[in-house]
Structure formats: C-alpha cells, structure tokens
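Chemist: For reference, the file input-v9.cif (mmCIF, C-alpha atoms, pLDDT in the B column; chains and numbers go by the auth columns) is included below:
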data_final
#
loop_
_atom_site.group_PDB
_atom_site.id
_atom_site.type_symbol
_atom_site.label_atom_id
_atom_site.label_comp_id
_atom_site.label_asym_id
_atom_site.label_seq_id
_atom_site.Cartn_x
_atom_site.Cartn_y
_atom_site.Cartn_z
_atom_site.B_iso_or_equiv
_atom_site.auth_seq_id
_atom_site.auth_asym_id
ATOM 1 C CA MET A 1 -205.027 90.077 94.798 46.00 10 H
ATOM 2 C CA THR A 2 -205.697 86.797 96.616 49.00 11 H
ATOM 3 C CA ALA A 3 -203.581 83.735 95.969 50.00 12 H
ATOM 4 C CA GLU A 4 -205.615 80.679 95.112 51.00 13 H
ATOM 5 C CA ALA A 5 -204.966 77.427 96.926 46.00 14 H
ATOM 6 C CA PRO A 6 -203.316 74.776 94.783 47.00 15 H
ATOM 7 C CA ILE A 7 -205.690 72.214 93.372 51.00 16 H
ATOM 8 C CA ALA A 8 -205.068 68.711 94.685 52.00 17 H
ATOM 9 C CA PRO A 9 -204.159 66.239 91.979 60.00 18 H
ATOM 10 C CA ALA A 10 -206.930 63.855 91.016 70.00 19 H
ATOM 11 C CA LEU A 11 -206.247 60.346 92.275 84.00 20 H
ATOM 12 C CA SER A 12 -206.694 57.636 89.697 88.00 21 H
ATOM 13 C CA TYR A 13 -207.130 55.041 92.478 93.00 22 H
ATOM 14 C CA GLY A 14 -207.541 54.833 96.251 95.00 23 H
ATOM 15 C CA ARG A 15 -208.449 57.557 98.726 95.00 24 H
ATOM 16 C CA LEU A 16 -206.651 60.528 100.251 97.00 25 H
ATOM 17 C CA ILE A 17 -207.430 60.728 103.987 97.00 26 H
ATOM 18 C CA PRO A 18 -206.391 63.795 106.036 97.00 27 H
ATOM 19 C CA VAL A 19 -204.194 63.216 109.112 97.00 28 H
ATOM 20 C CA THR A 20 -202.656 65.599 111.618 98.00 29 H
ATOM 21 C CA VAL A 21 -199.069 65.545 112.834 98.00 30 H
ATOM 22 C CA HIS A 22 -198.837 66.948 116.352 98.00 31 H
ATOM 23 C CA PHE A 23 -195.793 68.408 118.093 97.00 32 H
ATOM 24 C CA ASP A 24 -195.473 65.297 120.279 96.00 33 H
ATOM 25 C CA ASP A 25 -195.238 63.112 117.121 97.00 34 H
ATOM 26 C CA LEU A 26 -191.820 64.655 116.454 97.00 35 H
ATOM 27 C CA ASP A 27 -188.563 63.189 117.728 97.00 36 H
ATOM 28 C CA ALA A 28 -185.697 65.002 119.474 96.00 37 H
ATOM 29 C CA LEU A 29 -184.446 66.301 116.088 96.00 38 H
ATOM 30 C CA GLY A 30 -187.842 67.797 115.249 96.00 39 H
ATOM 31 C CA LEU A 31 -188.663 65.119 112.655 97.00 40 H
ATOM 32 C CA LEU A 32 -191.756 62.942 112.528 97.00 41 H
ATOM 33 C CA HIS A 33 -190.617 59.857 114.447 97.00 42 H
ATOM 34 C CA ASN A 34 -190.216 56.824 112.176 96.00 43 H
ATOM 35 C CA ALA A 35 -192.654 54.778 114.287 96.00 44 H
ATOM 36 C CA ARG A 36 -195.371 57.437 113.878 97.00 45 H
ATOM 37 C CA TYR A 37 -195.715 56.950 110.109 97.00 46 H
ATOM 38 C CA PRO A 38 -197.369 53.498 110.444 96.00 47 H
ATOM 39 C CA LEU A 39 -199.511 54.855 113.283 96.00 48 H
ATOM 40 C CA LYS A 40 -200.790 57.721 111.105 97.00 49 H
ATOM 41 C CA VAL A 41 -201.472 55.238 108.287 97.00 50 H
ATOM 42 C CA GLU A 42 -203.414 53.025 110.712 95.00 51 H
ATOM 43 C CA GLN A 43 -205.451 56.035 111.848 96.00 52 H
ATOM 44 C CA ALA A 44 -206.304 56.826 108.221 97.00 53 H
ATOM 45 C CA TRP A 45 -207.370 53.218 107.504 95.00 54 H
ATOM 46 C CA THR A 46 -209.474 53.175 110.665 94.00 55 H
ATOM 47 C CA GLU A 47 -211.290 56.299 109.505 95.00 56 H
ATOM 48 C CA LEU A 48 -211.836 54.898 106.021 95.00 57 H
ATOM 49 C CA TRP A 49 -213.195 51.528 107.207 94.00 58 H
ATOM 50 C CA GLN A 50 -215.458 53.211 109.767 93.00 59 H
ATOM 51 C CA GLU A 51 -217.141 54.949 106.827 93.00 60 H
ATOM 52 C CA HIS A 52 -218.125 51.422 105.722 91.00 61 H
ATOM 53 C CA GLY A 53 -219.331 50.351 109.177 90.00 62 H
ATOM 54 C CA ILE A 54 -216.228 48.285 109.935 91.00 63 H
ATOM 55 C CA HIS A 55 -214.864 48.983 113.400 88.00 64 H
ATOM 56 C CA PHE A 56 -213.795 47.394 116.685 89.00 65 H
ATOM 57 C CA ASP A 57 -215.750 48.181 119.839 90.00 66 H
ATOM 58 C CA GLY A 58 -213.983 45.804 122.220 90.00 67 H
ATOM 59 C CA ASP A 59 -215.772 42.569 121.289 92.00 68 H
ATOM 60 C CA TRP A 60 -213.664 40.391 118.979 90.00 69 H
ATOM 61 C CA ALA A 61 -216.539 37.998 118.312 88.00 70 H
ATOM 62 C CA ALA A 62 -218.632 40.905 116.983 90.00 71 H
ATOM 63 C CA ALA A 63 -215.727 42.626 115.221 92.00 72 H
ATOM 64 C CA GLY A 64 -216.163 40.750 111.944 94.00 73 H
ATOM 65 C CA ASP A 65 -213.731 42.055 109.341 95.00 74 H
ATOM 66 C CA ALA A 66 -212.042 44.270 111.946 95.00 75 H
ATOM 67 C CA CYS A 67 -210.656 41.071 113.485 95.00 76 H
ATOM 68 C CA ASN A 68 -207.424 40.902 111.513 95.00 77 H
ATOM 69 C CA ALA A 69 -203.693 40.796 112.107 95.00 78 H
ATOM 70 C CA VAL A 70 -200.679 42.284 110.390 96.00 79 H
ATOM 71 C CA LYS A 71 -198.527 39.704 108.654 97.00 80 H
ATOM 72 C CA GLU A 72 -196.011 42.058 107.068 97.00 81 H
ATOM 73 C CA LEU A 73 -195.171 45.777 106.981 97.00 82 H
ATOM 74 C CA THR A 74 -192.715 47.540 104.687 98.00 83 H
ATOM 75 C CA ILE A 75 -192.018 51.243 104.636 98.00 84 H
ATOM 76 C CA GLY A 76 -189.543 53.480 102.890 97.00 85 H
ATOM 77 C CA TYR A 77 -188.857 57.035 103.956 97.00 86 H
ATOM 78 C CA GLU A 78 -188.391 59.515 101.118 97.00 87 H
ATOM 79 C CA ALA A 79 -188.351 62.958 102.751 97.00 88 H
ATOM 80 C CA PRO A 80 -188.522 64.115 106.371 97.00 89 H
ATOM 81 C CA VAL A 81 -191.633 65.634 107.891 98.00 90 H
ATOM 82 C CA THR A 82 -190.186 68.567 109.820 97.00 91 H
ATOM 83 C CA ARG A 83 -193.186 70.280 111.385 97.00 92 H
ATOM 84 C CA PRO A 84 -196.596 69.633 112.876 98.00 93 H
ATOM 85 C CA GLY A 85 -199.623 70.303 110.726 98.00 94 H
ATOM 86 C CA GLU A 86 -202.061 68.855 108.237 98.00 95 H
ATOM 87 C CA TYR A 87 -200.935 66.013 105.994 98.00 96 H
ATOM 88 C CA ALA A 88 -202.678 63.112 104.259 98.00 97 H
ATOM 89 C CA VAL A 89 -202.371 59.410 103.666 98.00 98 H
ATOM 90 C CA HIS A 90 -203.106 58.035 100.197 98.00 99 H
ATOM 91 C CA LEU A 91 -204.566 54.538 100.675 97.00 100 H
ATOM 92 C CA TRP A 92 -205.314 51.757 98.205 97.00 101 H
ATOM 93 C CA LEU A 93 -205.422 47.980 97.920 98.00 102 H
ATOM 94 C CA GLU A 94 -202.770 46.186 95.887 97.00 103 H
ATOM 95 C CA ARG A 95 -204.391 42.777 96.341 97.00 104 H
ATOM 96 C CA LEU A 96 -207.641 41.520 97.812 97.00 105 H
ATOM 97 C CA GLY A 97 -207.543 37.796 98.480 97.00 106 H
ATOM 98 C CA ASN A 98 -209.975 35.417 100.140 97.00 107 H
ATOM 99 C CA THR A 99 -208.567 35.772 103.680 98.00 108 H
ATOM 100 C CA GLY A 100 -205.816 38.355 103.219 98.00 109 H
ATOM 101 C CA LEU A 101 -205.028 41.592 101.485 98.00 110 H
ATOM 102 C CA THR A 102 -202.114 43.835 100.694 98.00 111 H
ATOM 103 C CA TYR A 103 -202.594 47.543 100.907 97.00 112 H
ATOM 104 C CA GLY A 104 -200.380 50.328 99.707 97.00 113 H
ATOM 105 C CA PHE A 105 -199.957 53.741 101.232 98.00 114 H
ATOM 106 C CA ARG A 106 -198.208 57.063 100.798 97.00 115 H
ATOM 107 C CA PHE A 107 -197.740 59.494 103.663 98.00 116 H
ATOM 108 C CA CYS A 108 -197.935 62.794 101.825 98.00 117 H
ATOM 109 C CA SER A 109 -198.672 66.493 101.901 97.00 118 H
ATOM 110 C CA ALA A 110 -202.292 67.443 102.513 97.00 119 H
ATOM 111 C CA ASP A 111 -202.827 67.961 98.781 95.00 120 H
ATOM 112 C CA GLY A 112 -201.122 64.676 97.869 95.00 121 H
ATOM 113 C CA THR A 113 -198.372 66.271 95.792 95.00 122 H
ATOM 114 C CA GLN A 114 -195.335 65.507 97.988 97.00 123 H
ATOM 115 C CA THR A 115 -194.544 62.015 99.244 97.00 124 H
ATOM 116 C CA TYR A 116 -192.706 61.607 102.540 98.00 125 H
ATOM 117 C CA ALA A 117 -192.974 57.824 102.924 98.00 126 H
ATOM 118 C CA ARG A 118 -194.564 54.893 101.143 98.00 127 H
ATOM 119 C CA GLY A 119 -195.090 51.246 101.847 98.00 128 H
ATOM 120 C CA THR A 120 -197.294 48.191 101.965 98.00 129 H
ATOM 121 C CA ARG A 121 -198.905 46.123 104.671 97.00 130 H
ATOM 122 C CA VAL A 122 -200.325 42.605 104.522 98.00 131 H
ATOM 123 C CA LEU A 123 -203.365 41.807 106.689 97.00 132 H
ATOM 124 C CA VAL A 124 -205.022 38.465 107.398 98.00 133 H
ATOM 125 C CA ARG A 125 -208.694 38.258 108.441 97.00 134 H
ATOM 126 C CA LEU A 126 -209.023 36.052 111.538 97.00 135 H
ATOM 127 C CA ASP A 127 -211.839 34.041 113.051 96.00 136 H
ATOM 128 C CA ALA A 128 -212.189 35.402 116.599 95.00 137 H
ATOM 129 C CA ALA A 129 -212.763 31.957 118.137 95.00 138 H
ATOM 130 C CA THR A 130 -209.943 30.038 116.434 96.00 139 H
ATOM 131 C CA MET A 131 -207.566 32.864 115.471 95.00 140 H
ATOM 132 C CA ARG A 132 -207.184 31.115 112.106 97.00 141 H
ATOM 133 C CA PRO A 133 -207.593 32.804 108.712 98.00 142 H
ATOM 134 C CA THR A 134 -211.184 33.215 107.598 98.00 143 H
ATOM 135 C CA PRO A 135 -212.747 34.871 104.526 98.00 144 H
ATOM 136 C CA TRP A 136 -213.569 38.566 104.353 97.00 145 H
ATOM 137 C CA SER A 137 -217.289 39.341 104.262 96.00 146 H
ATOM 138 C CA GLU A 138 -218.907 40.257 100.950 96.00 147 H
ATOM 139 C CA GLY A 139 -219.559 43.797 102.221 94.00 148 H
ATOM 140 C CA PHE A 140 -215.886 44.231 103.025 95.00 149 H
ATOM 141 C CA ARG A 141 -214.863 42.764 99.660 96.00 150 H
ATOM 142 C CA ALA A 142 -217.208 45.189 97.842 95.00 151 H
ATOM 143 C CA ALA A 143 -215.694 48.174 99.673 94.00 152 H
ATOM 144 C CA GLY A 144 -212.216 46.782 99.049 95.00 153 H
ATOM 145 C CA ARG A 145 -212.760 46.324 95.312 95.00 154 H
ATOM 146 C CA ALA A 146 -213.424 50.068 95.025 94.00 155 H
ATOM 147 C CA LEU A 147 -209.937 50.688 96.477 95.00 156 H
ATOM 148 C CA LEU A 148 -208.006 48.310 94.225 95.00 157 H
ATOM 149 C CA ARG A 149 -205.163 49.859 92.278 95.00 158 H
ATOM 150 C CA PRO A 150 -205.547 49.195 88.553 91.00 159 H
ATOM 151 C CA ALA A 151 -202.959 46.907 86.996 85.00 160 H
ATOM 152 C CA ASP A 152 -200.201 48.845 85.287 74.00 161 H
#
Could you take the file, read its structure, and then write that structure out as structure tokens?
Modeler:
Amino acid sequence: MTAEAPIAPALSYGRLIPVTVHFDDLDALGLLHNARYPLKVEQAWTELWQEHGIHFDGDWAAAGDACNAVKELTIGYEAPVTRPGEYAVHLWLERLGNTGLTYGFRFCSADGTQTYARGTRVLVRLDAATMRPTPWSEGFRAAGRALLRPAD
C-alpha cells in the first residue's frame, strides 16, 4: 500500500512560492538563521514578479516598478526551521497604494500547513532619477490587485 502525499490547503488569497533552505542557511545551532527568513521571502517575491515581467537587470532607469525601496520590515518567528529542504513562502498584498504597498508573508512548510514565521514589509516605488516616490505602473497594479488579501 502506498501512502498518498498530503493535499496542500487551498489558499483563499495570495500565492505559495516554493523555496529551498540549504545547509549553509543554518546557524551554529542548526536553525535557519533569523536573517535568512527575509532573504528567502525576497527570493520568493523576485520569482513571483519575474512571472509578470518585473525584474532588475542592472539599469535603474529601465527597472520601472523594480526600482523600489524597503520602508519597513516586521517579522515574528513562530517555530524553528531545523533542517535543510523544501519549504514555501505564502505571499500576498495587504495594501496597494499609489506609490507604496504593504505585503504580507508566511514562511511555511512546502504544503503551506505549518507556519514558521510571518510578517509584513512596506515598499515604496522610486523614480530612478530623483529617488523620490513615484506611482506604480498600471501593469504592476493589475498584477498586485490579484494578490490583495480580502478584507476580513
């Protein structure tokens, strides 16, 4: 008799993006280093936005919506990640403003059932020439609207 793999829970909002924890992501105690969680979340967002053609290739003037800066980051750790392997990051937008946004995330098991950390990050879209806030493009806003978490 073959055991069936557990079915991942259906997400009612956002996306679940696979990430890999490598041995060198662990600290001296064998735990995922606290600074690696935001890095893994960033890697997941990069993958998601690249699906929509949003990426940075070294030219800030051509970067468009990829020209942005972090204004705030919060993270809470709920359970330790104790081994390398396949995990996931659940991503969504909490707020999509004219020049900024707030996204939420959960660092979780590959199937999304166990949460190890969760948090939010605020980004501001910048004009490459002035480094001042500038509006997101309509294409970015359309992709972002699909990621908005429904109001409770």
Chemist: Check which residues of region 81-107 of chain H sit at most 9 Å from region 37-48 of chain H using all atoms listed in the file, and return one row each with the closest pair of atoms and their distance in Å to one decimal, ordered by chain and rising number, as CSV.
Modeler:
residue,atom,partner,partner_atom,distance
H:Leu82,CA,H:Pro47,CA,8.7
H:Ile84,CA,H:Pro47,CA,8.2
H:Tyr86,CA,H:Asn43,CA,8.3
H:Pro89,CA,H:Leu40,CA,6.4
H:Val90,CA,H:Leu41,CA,5.4
H:Thr91,CA,H:Leu40,CA,4.7
H:Arg92,CA,H:Leu40,CA,7.0
H:Pro93,CA,H:Leu41,CA,8.3
Chemist: Using all atoms listed in the file for the distances, tell me which of H:Asp34, H:Ala70, H:Arg134, H:Ser21 is nearest to Ala155 (chain H).
Modeler: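 Once distances to Ala155 (chain H) are computed over all atoms listed in the file, the minimum belongs to H:Ser21.
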Chemist: Counting only C-alpha atoms, which of H:Ala97, H:Ile63, H:Leu102, H:Val131 gets nearest to Leu156 (chain H)?
Modeler: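 Ranking H:Ala97, H:Ile63, H:Leu102, H:Val131 by distance to Leu156 (chain H), first place goes to H:Leu102.
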Chemist: Name the residues in contact with Thr83 (chain H) at a cut-off of 7 Å, using only C-alpha atoms, excluding same-chain residues fewer than 2 positions from it; report them as a list in words.
Modeler: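 The neighbour list is Glu81, Gly85, Gly128, Thr129 and Arg130 of chain H.
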Chemist: State, in Å with one decimal place, the distance from CA of Leu135 (chain H) to CA of Arg158 (chain H).
Modeler: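 Between these atoms lies a distance of 24.0 Å.
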Chemist: On this file, the PyMOL selection byres ((chain H and resi 106) around 12) gives some set of residues; write that set as a PyMOL selection string.
Modeler: chain H and resi 102-105+107-112+131-134+142-147+149-150+153-154+157
Chemist: Given the file above and the PyMOL selection byres ((chain H and resi 138) around 12), which residues are selected, and can you give them as a ChimeraX atom specification?
Modeler: /H:68-73,76,135-137,139-143
Chemist: Take the PyMOL selection byres ((chain H and resi 53-60) around 9), run it mentally on this structure, and tell me the resulting residues as a list in words.
Modeler: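 Selected by the PyMOL selection byres ((chain H and resi 53-60) around 9) in this file: Arg24, Leu25, Ile26, Pro27, Val28, Leu48, Lys49, Val50, Glu51, Gln52, His61, Gly62, Ile63, His64, Ala75, Ala97, Val98, His99, Leu100, Phe149 and Ala152 of chain H.
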Chemist: Using only C-alpha atoms, can you tell me which of H:Ala151, H:Val30, H:Ala160, H:Ala88 comes closest to Ala119 (chain H)?
Modeler: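 Using only C-alpha atoms, the shortest distance to Ala119 (chain H) belongs to H:Val30.
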Chemist: Kindly give the distance, in Å, that separates CA of Gly23 (chain H) and CA of Pro159 (chain H), rounded to a single decimal.
Modeler: 9.7 Å
